[in-house]
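Chemist: Quick one: structure below, then a few questions.
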Amino acid sequence: MSRLQMDLPGLTLKNPIMPASGCFGFGKEYAQFYDLSLLGAIMIKATTAEPRFGNPTPRVAETTSGMLNAIGLQNPGLEKVLENELPWLNQFDVPILANVAGSQVDDYVHVAREISKAPNVHALELNISCPNVKTGGIAFGTIPEVAADLTKRVKEVSEVPVYVKLSPNVSNIVDMAKAVEHAGADGLTMINTLIGMRIDLKTGKPVLSNRTGGLSGPAIKPVAIRMIYEVSQAVSIPIIGMGGVETAEDVLEYFYAGASAVAVGTANFIDPFVCPTIIEELPKLLDDLGIDHISECIGRSWGKDAKTINYSS
Amino acid sequence: MSRLQMDLPGLTLKNPIMPASGCFGFGKEYAQFYDLSLLGAIMIKATTAEPRFGNPTPRVAETTSGMLNAIGLQNPGLEKVLENELPWLNQFDVPILANVAGSQVDDYVHVAREISKAPNVHALELNISCPNVKTGGIAFGTIPEVAADLTKRVKEVSEVPVYVKLSPNVSNIVDMAKAVEHAGADGLTMINTLIGMRIDLKTGKPVLSNRTGGLSGPAIKPVAIRMIYEVSQAVSIPIIGMGGVETAEDVLEYFYAGASAVAVGTANFIDPFVCPTIIEELPKLLDDLGIDHISECIGRSWGKDAKTINYSS
Amino acid sequence: MIKKENMVVVSQRGIAENIFELILEGELVKEIKEPGQFVHLKVSGSTDPLLRRPISIANVDKINNQFTMIYRSEGLGTRVLSSKLPGDLVDVLGPLGNGFPLAATESGETALLVGGGIGVPPLYELSQQLVANGVKVIHVLGFQTSSAVFYQEKFEKLGDTYVATVDGSCGEKGFVTDVIKKQGIIFDTLYSCGPTPMLKALEASYHDRNAYISLEERMGCGIGACFACVCHTAEDPTGFSYKKVCSDGPVFKVGEVVL
Amino acid sequence: MIKKENMVVVSQRGIAENIFELILEGELVKEIKEPGQFVHLKVSGSTDPLLRRPISIANVDKINNQFTMIYRSEGLGTRVLSSKLPGDLVDVLGPLGNGFPLAATESGETALLVGGGIGVPPLYELSQQLVANGVKVIHVLGFQTSSAVFYQEKFEKLGDTYVATVDGSCGEKGFVTDVIKKQGIIFDTLYSCGPTPMLKALEASYHDRNAYISLEERMGCGIGACFACVCHTAEDPTGFSYKKVCSDGPVFKVGEVVL
Ligand SMILES: Cc1cc2nc3c(=O)[nH]c(=O)nc-3n(C[C@H](O)[C@H](O)[C@H](O)COP(=O)(O)OP(=O)(O)OC[C@H]3O[C@@H](n4cnc5c(N)ncnc54)[C@H](O)[C@@H]3O)c2cc1C
Ligand SMILES: Cc1cc2nc3c(=O)[nH]c(=O)nc-3n(C[C@H](O)[C@H](O)[C@H](O)COP(=O)(O)OP(=O)(O)OC[C@H]3O[C@@H](n4cnc5c(N)ncnc54)[C@H](O)[C@@H]3O)c2cc1C
Ligand SMILES: Cc1cc2nc3c(=O)[nH]c(=O)nc-3n(C[C@H](O)[C@H](O)[C@H](O)COP(=O)(O)O)c2cc1C
Ligand SMILES: Cc1cc2nc3c(=O)[nH]c(=O)nc-3n(C[C@H](O)[C@H](O)[C@H](O)COP(=O)(O)O)c2cc1C
Ligand code: FES
Ligand code: FES
């Protein structure tokens with residue numbers, strides 16, 4: 001067995017590297033650069049029941065070592081994804097995680113039921129960072145009970161394992177993780193973006209027309225590592241980690257924190273070859289560190305007495 | 001009146017720039033570099049009832065465009081601060097905000113009562129990011145009711161206005177802000193650090209001996225701007241903003257978001273002259289932007305219909 | 001094909017106030033197809049600035065494998081770019097997007113090229129190729145003020161060239177649209193690149209003509225994957241139909257997309 | 001007085017595997033007081049790396065306003081530093097901290113200088129100044145392996161010099177403490193800088209001697225303001241009493257602080 005292979009619920013990953021949802025479209029653009037079968041998996045762009053245009057532009061802004069986006073879940077809608085995008089991806093030997101979004105439980109359930117039937121969709125990724133219009137815009141991802149209920153409902157209909165994507169914009173990430181684990185989640189993916197904002201001094205207005213956006217990139221990596229470190233010790237389902245990953249070293253830092261696979265988002269925009277480059281560099285890095293198989297790295301940093309004391313500053 | 005002067009509860013600031021708590025000690029070290037009377041104010045290092053040594057070293061780690069610290073509130077304790085530090089600072093014409101910390105309500109109340117009597121302490125800054133030993137270590141700063149109760153108790157004894165320092169590690173910063181406003185806070189300071197972590201690949205261990213630490217520096221600026229933007233529109237008490245401020249432009253971005261003054265933390269370590277440099281550059285920047293008085297900048301980005309929709313990514 | 005290459009700086013010089021002309025050399029030049037395509041630049045190995053910067057291709061020298069960009073040094077990224085010296089490497093992703101359709105103008109016809117500010121550069125390569133095709137070119141170039149004007153003589157060598165400045169400090173005072181009307185310029189095809197207000201003014205006057213405009217939008221990936229740079233299409237101005245500026249554009253037929 | 005200055009790179013060269021010698025020039029040199037002081041460097045104008053890097057002063061040339069640093073290129077900051085060329089500027093904060101007490105050794109006495117790896121550099125300036133004071137110096141320098149050895153001849157010119165490498169590829173095989181014992185070195189004062197395990201071993205053997213050690217700790221400010229670099233004092237090993245490595249140290253009398 002390859003020293004990079006990882007087996008996760010629903011997913012046999014030839015390596016634990018996959019592009020993160022929303023940062024890779026449905027793969028077509030990156031297929032110009034390399035064979036997508038090289039990837040461990042692909043997390044496709046969020047799919048909603050109906051097509052969405054998303055937010056007005058500008059939709060991205062730069063921050064120090066990070067970027068903000070407020071794409072607003074633009075996607076062609078479930079039907080077109082099933083008709084065009086997934087069949088096209090079928091030419092590659094790579095499992096797909098379908099990122100499912102919505103603004104009410106029924107939307108999620110509908111998309112999850114249908115998209116989980118696609119032959120190359122090996123798992124769902126529930127994007128619970130969107131506002132729940134029914135409960136007044138409070139995100140599914142910030143109230144454990146609401147997230148758990150959604151997870152349960154989606155689990156009931158999904159034909160493939162369900163990973164829940166956690167939002168970092170919460171007081172207690174461990175509570176969220178435990179709630180969705182308890183509700184039947186097969187795995188976690190984390191973290192989604194932190195909410196942030198930039199203001200243009202010349203216009204006096206927020207740079208993004210949506211005003212706030214999701215902060216991604218290297219700036220957020222320490223927050224992701226901390227949350228994965230805490231959550232991985234509190235749950236027994238695997239975690240796909242993400243947030244600012246750019247190098248093979250970053251991947252191992254995620255594994256050490258407790259992740260079992262890693263997704264690469266923003267870095268694809270900076271270097272379209274970043275995923276295959278990381279995959280190529282990982283074995284050498286494992287050699288340097290004297291590690292046989294990457295799975296040995298999972299949770300290396302936990303230590304014996306892994307309780308953390310947040311008496312910082 | 002100077003175009004930089006700002007009047008806040010308890011504080012007449014000749015300019016709205018002050019070093020952030022914990023990033024300036026009690027001022028002595030920076031007095032080697034410039035006259036501290038140049039500053040708008042000084043937020044001194046957190047003071048606790050008893051002396052604290054803090055956490056074991058290493059206590060700082062670098063992240064991309066940020067740093068983690070887990071100093072652990074090292075300080076000489078209330079008595080010594082009253083005896084040595086505050087009298088020494090009295091030689092400068094600069095108001096002091098005394099950062100008050102503790103692990104139970106009574107500690108806070110005791111420190112607040114005593115330190116607010118010092119002649120040059122013009123305001124308190126309640127550091128509610130500390131774990132509350134009574135509630136099992138959950139930070140005062142993550143539960144609105146707990147924070148409100150603490151604020152009320154401190155307000156009862158303080159002889160000067162009380163600013164509450166909000167932690168960004170919460171699901172809903174507006175709820176926190178409203179809770180402490182309702183409890184009598186005279187102002188807010190925000191944000192404290194995000195909780196983060198780094199792991200050393202060679203040792204396999206967290207870089208910080210405390211494992212997690214507080215993330216500060218330019219990396220967190222977009223999170224701070226977003227929170228201040230949201231909170232400033234929901235409360236009617238002034239906000240002293242902080243998080244990654246390095247330049248005069250950053251200061252105005254904070255004002256545009258809704259802050260009425262700005263604190264500079266981590267940047268002091270990179271450039272000990274950063275505060276006087278910003279103070280010097282602000283008037284020129286105001287000229288460039290055609291602004292008479294810096295107070296005109298407060299909340300410029302709010303727009304007419306300032307509701308934000310967090311439908312990001 | 002889109003390549004990613006560390007290209008070598010051949011030369012860099014200031015040609016107007018805060019405006020730089022940068023010549024890069026490398027294999028990527030072989031892939032450039034049309035005037036109006038752009039490149040996406042990573043200006044430093046550091047994470048700050050993090051994102052690439054889109055800059056148009058202003059001149060192509062296939063013989064020497066070189067191309068020229070002209071850009072304004074404004075924010076962090078372009079400021080760092082302007083510090084590059086001959087021999088330094090720049091990480092270039094490109095060529096990207098679809099450029100101006102040369103075939104839209106036949107030999108002997110007249111093309112009007114209208115540029116505004118840092119929208120002027122891609123018109124230079126376009127103009128040269130049109131002239132090589134036997135097209136008569138007329139340029140109307142708008143700038144803020146005289147110190148911002150660049151490449152005027154170069155354009156003059158290719159065809160009639162009118163310069164307009166907002167403050168009248170060089171050429172005519174006013175906007176490019178004023179100049180076109182005042183001079184009574186007659187053309188078969190219109191090609192334009194510049195700020196959105198300028199493009200909107202052109203669209204208002206020439207929406208029924210054979211006109212092509214190049215758009216600007218904030219970009220993430222630059223290759224069509226992130227949905228940062230979309231615009232609505234004209235036949236479905238509030239619906240789900242969209243075009244991506246980076247991969248469907250940046251050049252569109254006038255009226256194709258909503259400005 | 002502590003200064004902050006953009007100092008000019010006079011020269012930079014590799015002197016061992018991943019080890020660089022960097023000479024900087026500027027007014028700040030006038031402020032250097034003692035061997036063992038250090039500087040805090042910002043290696044780039046970017047926010048990544050964000051923090052300054054502490055590096056010891058290895059040699060001072062007051063006549064030319066120059067000083068030398070010797071450092072290992074390891075992480076991001078030192079890697080960026082190693083790319084600096086003559087004429088480039090480096091943002092230096094310093095001189096910082098308290099160095100080795102020269103007065104602790106009288107003329108005619110013998111000083112033993114024990115260095116480990118990148119702890120060796122500050123001993124070079126110290127040795128020169130001791131020799132200038134009429135002190136006899138003996139050096140014991142420990143390195144990982146032969147390719148990591150530097151400045152051996154320079155130290156030899158100043159006094160007896162023993163090199164030890166962990167793998168025995170240069171000098172004696174083993175640790176500096178082994179060498180000191182094996183050679184039966186007799187001394188009046190001990191000065192040392194190097195990794196903590198080495199300092200601990202020296203402390204164990206020489207805690208009752210006239211010995212001075214230079215510590216390393218992760219730093220924030222470098223000037224005593226942030227409390228990043230504290231250590232417990234020996235008379236109060238678990239209490240509130242502390243020393244800051246940056247401003248009280250980095251040199252302490254052996255036994256003064258808890259290693
Ligand atoms: C297809 C295309 C072609 C372009 N061609 C040229 C050219 O030939 N010459 C030239 O000077 N400029 C050109 N621009 C504009 C150029 O991309 C911006 O001026 C540049 O990105 C600003 O970067 P900065 O580092 O100076 O500013 P910063 O303020 O640091 O930029 C912050 C972020 O905003 C983006 N941004 C800022 N302004 C613009 C803008 N006007 N358009 C798109 N993104 C922006 C940046 O790319 C970056 O992501 C072009 C833009 C596009 C989309
Ligand atoms: C007083 C003092 C004097 C020193 N003198 C020298 C010298 O003369 N030559 C030399 O090569 N090295 C010296 N060091 C060690 C040097 O500071 C580190 O090797 C350097 O900071 C590592 O930076 P980096 O960019 O290579 O590593 P990175 O891994 O990028 O560093 C990340 C962070 O950790 C800190 N850090 C990492 N290793 C160390 C360390 N060993 N000590 C303190 N901080 C560290 C960095 O300063 C930075 O904040 C000295 C350290 C101290 C405290
Ligand atoms: C432009 C952009 C679009 C994104 N769209 C989605 C999305 O549709 N669904 C989702 O779950 N996450 C989305 N994300 C979040 C990423 O999948 C990822 O969680 C986050 O960006 C952190 O990883 P990174 O720092 O590597 O980018 C998006 C991120 C970006 C930058
Ligand atoms: C080393 C260090 C120590 C700190 N100590 C304190 C403290 O004692 N009390 C407090 O309220 N905040 C403390 N903070 C947080 C800062 O005051 C500030 O809120 C935060 O660092 C964000 O600002 P910055 O990005 O400008 O550093 C500390 C921050 C740092 C980096
Ligand atoms: S910039 Fe990413 S789709 Fe156009
Ligand atoms: S590094 Fe800040 S106190 Fe020593």
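Just so we're on the same page: first chain in the structure tokens is A, next is B, and so on; residues restart at 1 for each chain, and ligands are numbered from 1 in the order they show up.
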Can you check which residues of chain B have any atom within 10 Å of chain D? Use only C-alpha atoms and format it as an mmCIF file with N, CA, C and O atoms, in the first residue's frame.
Modeler:
data_model
loop_
_atom_site.group_PDB
_atom_site.id
_atom_site.type_symbol
_atom_site.label_atom_id
_atom_site.label_comp_id
_atom_site.auth_asym_id
_atom_site.auth_seq_id
_atom_site.Cartn_x
_atom_site.Cartn_y
_atom_site.Cartn_z
ATOM 1 N N SER B 21 -2.750 46.554 25.417
ATOM 2 C CA SER B 21 -2.329 45.888 26.643
ATOM 3 C C SER B 21 -1.483 44.650 26.364
ATOM 4 O O SER B 21 -1.797 43.850 25.487
ATOM 5 N N GLY B 22 -0.415 44.508 27.103
ATOM 6 C CA GLY B 22 0.451 43.345 26.988
ATOM 7 C C GLY B 22 1.531 43.500 25.938
ATOM 8 O O GLY B 22 2.422 42.663 25.835
ATOM 9 N N CYS B 23 1.436 44.564 25.166
ATOM 10 C CA CYS B 23 2.403 44.770 24.087
ATOM 11 C C CYS B 23 3.299 45.954 24.385
ATOM 12 O O CYS B 23 4.014 46.450 23.512
ATOM 13 N N PHE B 24 3.247 46.432 25.630
ATOM 14 C CA PHE B 24 3.948 47.671 25.951
ATOM 15 C C PHE B 24 4.405 47.638 27.398
ATOM 16 O O PHE B 24 4.912 48.625 27.903
ATOM 17 N N GLY B 25 4.257 46.476 28.045
ATOM 18 C CA GLY B 25 4.600 46.356 29.451
ATOM 19 C C GLY B 25 3.906 47.456 30.235
ATOM 20 O O GLY B 25 2.713 47.719 30.057
ATOM 21 N N PHE B 26 4.691 48.125 31.103
ATOM 22 C CA PHE B 26 4.180 49.302 31.808
ATOM 23 C C PHE B 26 4.894 50.548 31.286
ATOM 24 O O PHE B 26 5.049 51.528 31.994
ATOM 25 N N GLY B 27 5.363 50.462 30.062
ATOM 26 C CA GLY B 27 5.848 51.655 29.364
ATOM 27 C C GLY B 27 7.343 51.903 29.430
ATOM 28 O O GLY B 27 7.900 52.560 28.551
ATOM 29 N N LYS B 28 8.007 51.363 30.472
ATOM 30 C CA LYS B 28 9.414 51.712 30.707
ATOM 31 C C LYS B 28 10.293 51.472 29.487
ATOM 32 O O LYS B 28 11.127 52.297 29.133
ATOM 33 N N GLU B 29 10.119 50.313 28.856
ATOM 34 C CA GLU B 29 11.014 49.945 27.760
ATOM 35 C C GLU B 29 10.865 50.917 26.590
ATOM 36 O O GLU B 29 11.839 51.277 25.950
ATOM 37 N N TYR B 30 9.632 51.321 26.313
ATOM 38 C CA TYR B 30 9.425 52.206 25.165
ATOM 39 C C TYR B 30 9.812 53.640 25.473
ATOM 40 O O TYR B 30 10.035 54.434 24.562
ATOM 41 N N GLN B 32 12.513 54.475 26.470
ATOM 42 C CA GLN B 32 13.871 54.634 25.930
ATOM 43 C C GLN B 32 13.851 55.227 24.534
ATOM 44 O O GLN B 32 14.835 55.769 24.056
ATOM 45 N N PHE B 33 12.739 55.009 23.814
ATOM 46 C CA PHE B 33 12.704 55.363 22.399
ATOM 47 C C PHE B 33 12.049 56.711 22.131
ATOM 48 O O PHE B 33 12.403 57.402 21.201
ATOM 49 N N LYS B 45 -0.227 46.502 30.814
ATOM 50 C CA LYS B 45 -0.299 45.037 30.907
ATOM 51 C C LYS B 45 -1.370 44.622 31.915
ATOM 52 O O LYS B 45 -1.552 45.287 32.936
ATOM 53 N N GLU B 50 -3.060 38.906 42.503
ATOM 54 C CA GLU B 50 -1.773 38.389 42.984
ATOM 55 C C GLU B 50 -0.768 38.422 41.829
ATOM 56 O O GLU B 50 -1.156 38.411 40.668
ATOM 57 N N PRO B 51 0.530 38.411 42.152
ATOM 58 C CA PRO B 51 1.519 38.332 41.065
ATOM 59 C C PRO B 51 1.352 37.022 40.300
ATOM 60 O O PRO B 51 0.909 36.016 40.862
ATOM 61 N N ARG B 52 1.670 37.036 39.033
ATOM 62 C CA ARG B 52 1.634 35.817 38.219
ATOM 63 C C ARG B 52 2.931 35.682 37.450
ATOM 64 O O ARG B 52 3.450 36.651 36.909
ATOM 65 N N PHE B 53 3.429 34.465 37.396
ATOM 66 C CA PHE B 53 4.604 34.213 36.557
ATOM 67 C C PHE B 53 4.183 33.937 35.122
ATOM 68 O O PHE B 53 4.918 34.206 34.188
ATOM 69 N N GLY B 54 3.004 33.387 34.956
ATOM 70 C CA GLY B 54 2.539 33.066 33.604
ATOM 71 C C GLY B 54 2.909 31.661 33.196
ATOM 72 O O GLY B 54 3.234 30.814 34.031
ATOM 73 N N ASN B 55 2.836 31.410 31.916
ATOM 74 C CA ASN B 55 3.066 30.074 31.372
ATOM 75 C C ASN B 55 4.544 29.783 31.188
ATOM 76 O O ASN B 55 5.355 30.699 31.054
ATOM 77 N N PRO B 56 4.889 28.499 31.119
ATOM 78 C CA PRO B 56 6.267 28.159 30.765
ATOM 79 C C PRO B 56 6.607 28.624 29.341
ATOM 80 O O PRO B 56 5.705 28.792 28.516
ATOM 81 N N THR B 57 7.864 28.816 29.070
ATOM 82 C CA THR B 57 8.300 29.165 27.713
ATOM 83 C C THR B 57 8.440 27.893 26.887
ATOM 84 O O THR B 57 8.574 26.814 27.471
ATOM 85 N N PRO B 58 8.451 27.912 25.565
ATOM 86 C CA PRO B 58 8.217 29.081 24.715
ATOM 87 C C PRO B 58 6.801 29.631 24.842
ATOM 88 O O PRO B 58 5.841 28.879 24.921
ATOM 89 N N ARG B 59 6.772 30.956 24.833
ATOM 90 C CA ARG B 59 5.501 31.652 24.994
ATOM 91 C C ARG B 59 5.070 32.382 23.743
ATOM 92 O O ARG B 59 3.993 32.983 23.722
ATOM 93 N N VAL B 60 5.930 32.454 22.754
ATOM 94 C CA VAL B 60 5.507 33.076 21.493
ATOM 95 C C VAL B 60 5.878 32.155 20.343
ATOM 96 O O VAL B 60 6.819 31.358 20.429
ATOM 97 N N ALA B 61 5.125 32.254 19.280
ATOM 98 C CA ALA B 61 5.417 31.524 18.048
ATOM 99 C C ALA B 61 5.003 32.421 16.900
ATOM 100 O O ALA B 61 4.118 33.270 17.054
ATOM 101 N N GLU B 62 5.659 32.225 15.783
ATOM 102 C CA GLU B 62 5.307 33.032 14.631
ATOM 103 C C GLU B 62 4.351 32.255 13.743
ATOM 104 O O GLU B 62 4.458 31.040 13.627
ATOM 105 N N THR B 63 3.414 32.962 13.127
ATOM 106 C CA THR B 63 2.556 32.369 12.102
ATOM 107 C C THR B 63 2.627 33.290 10.887
ATOM 108 O O THR B 63 3.238 34.351 10.960
ATOM 109 N N THR B 64 2.007 32.877 9.806
ATOM 110 C CA THR B 64 2.066 33.725 8.620
ATOM 111 C C THR B 64 1.373 35.064 8.889
ATOM 112 O O THR B 64 0.175 35.090 9.157
ATOM 113 N N SER B 65 2.146 36.122 8.868
ATOM 114 C CA SER B 65 1.648 37.476 9.135
ATOM 115 C C SER B 65 0.965 37.617 10.484
ATOM 116 O O SER B 65 0.099 38.479 10.661
ATOM 117 N N GLY B 66 1.343 36.757 11.409
ATOM 118 C CA GLY B 66 0.782 36.860 12.736
ATOM 119 C C GLY B 66 1.723 36.284 13.771
ATOM 120 O O GLY B 66 2.797 35.780 13.446
ATOM 121 N N MET B 67 1.329 36.395 15.031
ATOM 122 C CA MET B 67 2.092 35.716 16.075
ATOM 123 C C MET B 67 1.119 35.144 17.091
ATOM 124 O O MET B 67 -0.001 35.613 17.245
ATOM 125 N N LEU B 68 1.574 34.097 17.741
ATOM 126 C CA LEU B 68 0.813 33.511 18.833
ATOM 127 C C LEU B 68 1.527 33.841 20.123
ATOM 128 O O LEU B 68 2.756 33.773 20.195
ATOM 129 N N ASN B 69 0.761 34.187 21.160
ATOM 130 C CA ASN B 69 1.394 34.334 22.457
ATOM 131 C C ASN B 69 0.586 33.596 23.492
ATOM 132 O O ASN B 69 -0.637 33.482 23.409
ATOM 133 N N ALA B 70 1.309 33.086 24.453
ATOM 134 C CA ALA B 70 0.674 32.463 25.621
ATOM 135 C C ALA B 70 1.493 32.893 26.824
ATOM 136 O O ALA B 70 2.104 32.089 27.523
ATOM 137 N N ILE B 71 1.528 34.212 27.008
ATOM 138 C CA ILE B 71 2.304 34.770 28.120
ATOM 139 C C ILE B 71 1.701 34.283 29.432
ATOM 140 O O ILE B 71 2.411 33.950 30.369
ATOM 141 N N GLY B 72 0.367 34.221 29.470
ATOM 142 C CA GLY B 72 -0.287 33.747 30.687
ATOM 143 C C GLY B 72 -0.402 34.847 31.727
ATOM 144 O O GLY B 72 -0.312 34.592 32.929
ATOM 145 N N LEU B 73 -0.587 36.079 31.240
ATOM 146 C CA LEU B 73 -0.864 37.197 32.151
ATOM 147 C C LEU B 73 0.206 37.408 33.211
ATOM 148 O O LEU B 73 -0.095 37.734 34.361
ATOM 149 N N GLN B 74 1.451 37.204 32.811
ATOM 150 C CA GLN B 74 2.508 37.504 33.783
ATOM 151 C C GLN B 74 2.421 38.963 34.188
ATOM 152 O O GLN B 74 2.327 39.861 33.347
ATOM 153 N N ASN B 75 2.440 39.201 35.484
ATOM 154 C CA ASN B 75 2.437 40.583 35.978
ATOM 155 C C ASN B 75 2.800 40.569 37.452
ATOM 156 O O ASN B 75 2.665 39.553 38.132
ATOM 157 N N PRO B 76 3.256 41.702 37.939
ATOM 158 C CA PRO B 76 3.762 41.737 39.321
ATOM 159 C C PRO B 76 2.660 41.752 40.379
ATOM 160 O O PRO B 76 2.970 41.752 41.580
ATOM 161 N N GLY B 77 1.394 41.810 39.940
ATOM 162 C CA GLY B 77 0.308 41.827 40.917
ATOM 163 C C GLY B 77 -0.106 43.247 41.278
ATOM 164 O O GLY B 77 0.681 44.197 41.170
ATOM 165 N N LEU B 208 4.192 26.310 21.251
ATOM 166 C CA LEU B 208 4.001 26.930 22.561
ATOM 167 C C LEU B 208 3.896 25.862 23.631
ATOM 168 O O LEU B 208 3.206 24.859 23.437
ATOM 169 N N GLY B 217 -1.708 40.362 15.259
ATOM 170 C CA GLY B 217 -0.966 40.823 14.094
ATOM 171 C C GLY B 217 -1.835 40.996 12.858
ATOM 172 O O GLY B 217 -3.053 40.771 12.910
ATOM 173 N N PRO B 218 -1.209 41.410 11.747
ATOM 174 C CA PRO B 218 -1.969 41.741 10.535
ATOM 175 C C PRO B 218 -2.933 40.646 10.076
ATOM 176 O O PRO B 218 -3.966 40.946 9.477
ATOM 177 N N ALA B 219 -2.616 39.396 10.351
ATOM 178 C CA ALA B 219 -3.480 38.297 9.910
ATOM 179 C C ALA B 219 -4.911 38.455 10.403
ATOM 180 O O ALA B 219 -5.857 38.050 9.734
ATOM 181 N N THR B 266 0.988 44.088 18.558
ATOM 182 C CA THR B 266 2.141 43.374 18.011
ATOM 183 C C THR B 266 3.121 44.269 17.251
ATOM 184 O O THR B 266 4.336 44.050 17.298
ATOM 185 N N ALA B 267 2.605 45.270 16.555
ATOM 186 C CA ALA B 267 3.475 46.111 15.732
ATOM 187 C C ALA B 267 4.561 46.799 16.547
ATOM 188 O O ALA B 267 5.626 47.126 16.012
ATOM 189 N N ASN B 268 4.320 47.010 17.851
ATOM 190 C CA ASN B 268 5.369 47.597 18.696
ATOM 191 C C ASN B 268 6.627 46.734 18.722
ATOM 192 O O ASN B 268 7.733 47.234 18.884
ATOM 193 N N PHE B 269 6.445 45.427 18.616
ATOM 194 C CA PHE B 269 7.603 44.528 18.689
ATOM 195 C C PHE B 269 8.427 44.621 17.418
ATOM 196 O O PHE B 269 9.623 44.344 17.413
ATOM 197 N N ILE B 270 7.763 44.958 16.335
ATOM 198 C CA ILE B 270 8.439 44.989 15.041
ATOM 199 C C ILE B 270 9.098 46.337 14.849
ATOM 200 O O ILE B 270 10.200 46.429 14.355
ATOM 201 N N ASP B 271 8.396 47.377 15.287
ATOM 202 C CA ASP B 271 8.958 48.726 15.204
ATOM 203 C C ASP B 271 8.604 49.471 16.479
ATOM 204 O O ASP B 271 7.476 49.908 16.650
ATOM 205 N N PRO B 272 9.567 49.634 17.372
ATOM 206 C CA PRO B 272 9.249 50.304 18.643
ATOM 207 C C PRO B 272 8.738 51.717 18.438
ATOM 208 O O PRO B 272 8.098 52.269 19.325
ATOM 209 N N PHE B 273 9.006 52.305 17.292
ATOM 210 C CA PHE B 273 8.546 53.678 17.033
ATOM 211 C C PHE B 273 7.178 53.717 16.358
ATOM 212 O O PHE B 273 6.736 54.773 15.910
#
Chemist: Need the shell around D:Phe155: protein/DNA/RNA residues with any atom at most 8 Å away, counting only C-alpha atoms. Skip same-chain ones fewer than 4 positions apart. Format as a PDB file with N, CA, C and O atoms, in the first residue's frame?
Modeler:
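Result file around-v3.pdb:
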ATOM      1  N   TYR D 124      33.626  34.963  19.742  1.00  0.00           N
ATOM      2  CA  TYR D 124      34.753  35.471  18.968  1.00  0.00           C
ATOM      3  C   TYR D 124      35.109  36.897  19.382  1.00  0.00           C
ATOM      4  O   TYR D 124      36.268  37.211  19.655  1.00  0.00           O
ATOM      5  N   SER D 127      36.512  36.777  22.888  1.00  0.00           N
ATOM      6  CA  SER D 127      37.889  36.288  22.958  1.00  0.00           C
ATOM      7  C   SER D 127      38.874  37.399  22.599  1.00  0.00           C
ATOM      8  O   SER D 127      39.884  37.610  23.267  1.00  0.00           O
ATOM      9  N   HIS D 139      39.721  27.950  23.927  1.00  0.00           N
ATOM     10  CA  HIS D 139      38.401  27.760  23.323  1.00  0.00           C
ATOM     11  C   HIS D 139      38.079  26.287  23.181  1.00  0.00           C
ATOM     12  O   HIS D 139      38.919  25.510  22.724  1.00  0.00           O
ATOM     13  N   TYR D 151      35.239  29.330  11.631  1.00  0.00           N
ATOM     14  CA  TYR D 151      36.073  30.247  12.422  1.00  0.00           C
ATOM     15  C   TYR D 151      37.144  29.526  13.254  1.00  0.00           C
ATOM     16  O   TYR D 151      37.699  30.134  14.185  1.00  0.00           O
ATOM     17  N   GLY D 159      44.101  31.831  20.772  1.00  0.00           N
ATOM     18  CA  GLY D 159      44.454  30.982  21.906  1.00  0.00           C
ATOM     19  C   GLY D 159      44.238  29.519  21.566  1.00  0.00           C
ATOM     20  O   GLY D 159      43.735  29.186  20.485  1.00  0.00           O
ATOM     21  N   ASP D 160      44.593  28.643  22.498  1.00  0.00           N
ATOM     22  CA  ASP D 160      44.374  27.213  22.285  1.00  0.00           C
ATOM     23  C   ASP D 160      42.921  26.953  21.925  1.00  0.00           C
ATOM     24  O   ASP D 160      42.018  27.499  22.575  1.00  0.00           O
ATOM     25  N   THR D 161      42.705  26.134  20.930  1.00  0.00           N
ATOM     26  CA  THR D 161      41.348  25.887  20.450  1.00  0.00           C
ATOM     27  C   THR D 161      41.116  24.401  20.231  1.00  0.00           C
ATOM     28  O   THR D 161      41.841  23.755  19.470  1.00  0.00           O
TER      29      THR D 161
END
Chemist: Nearest residue to chain D out of C:Tyr212, C:Lys30, C:Glu17, C:Val80, using only C-alpha atoms?
Modeler: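 Checking each candidate against chain D, we get C:Val80 as the closest.
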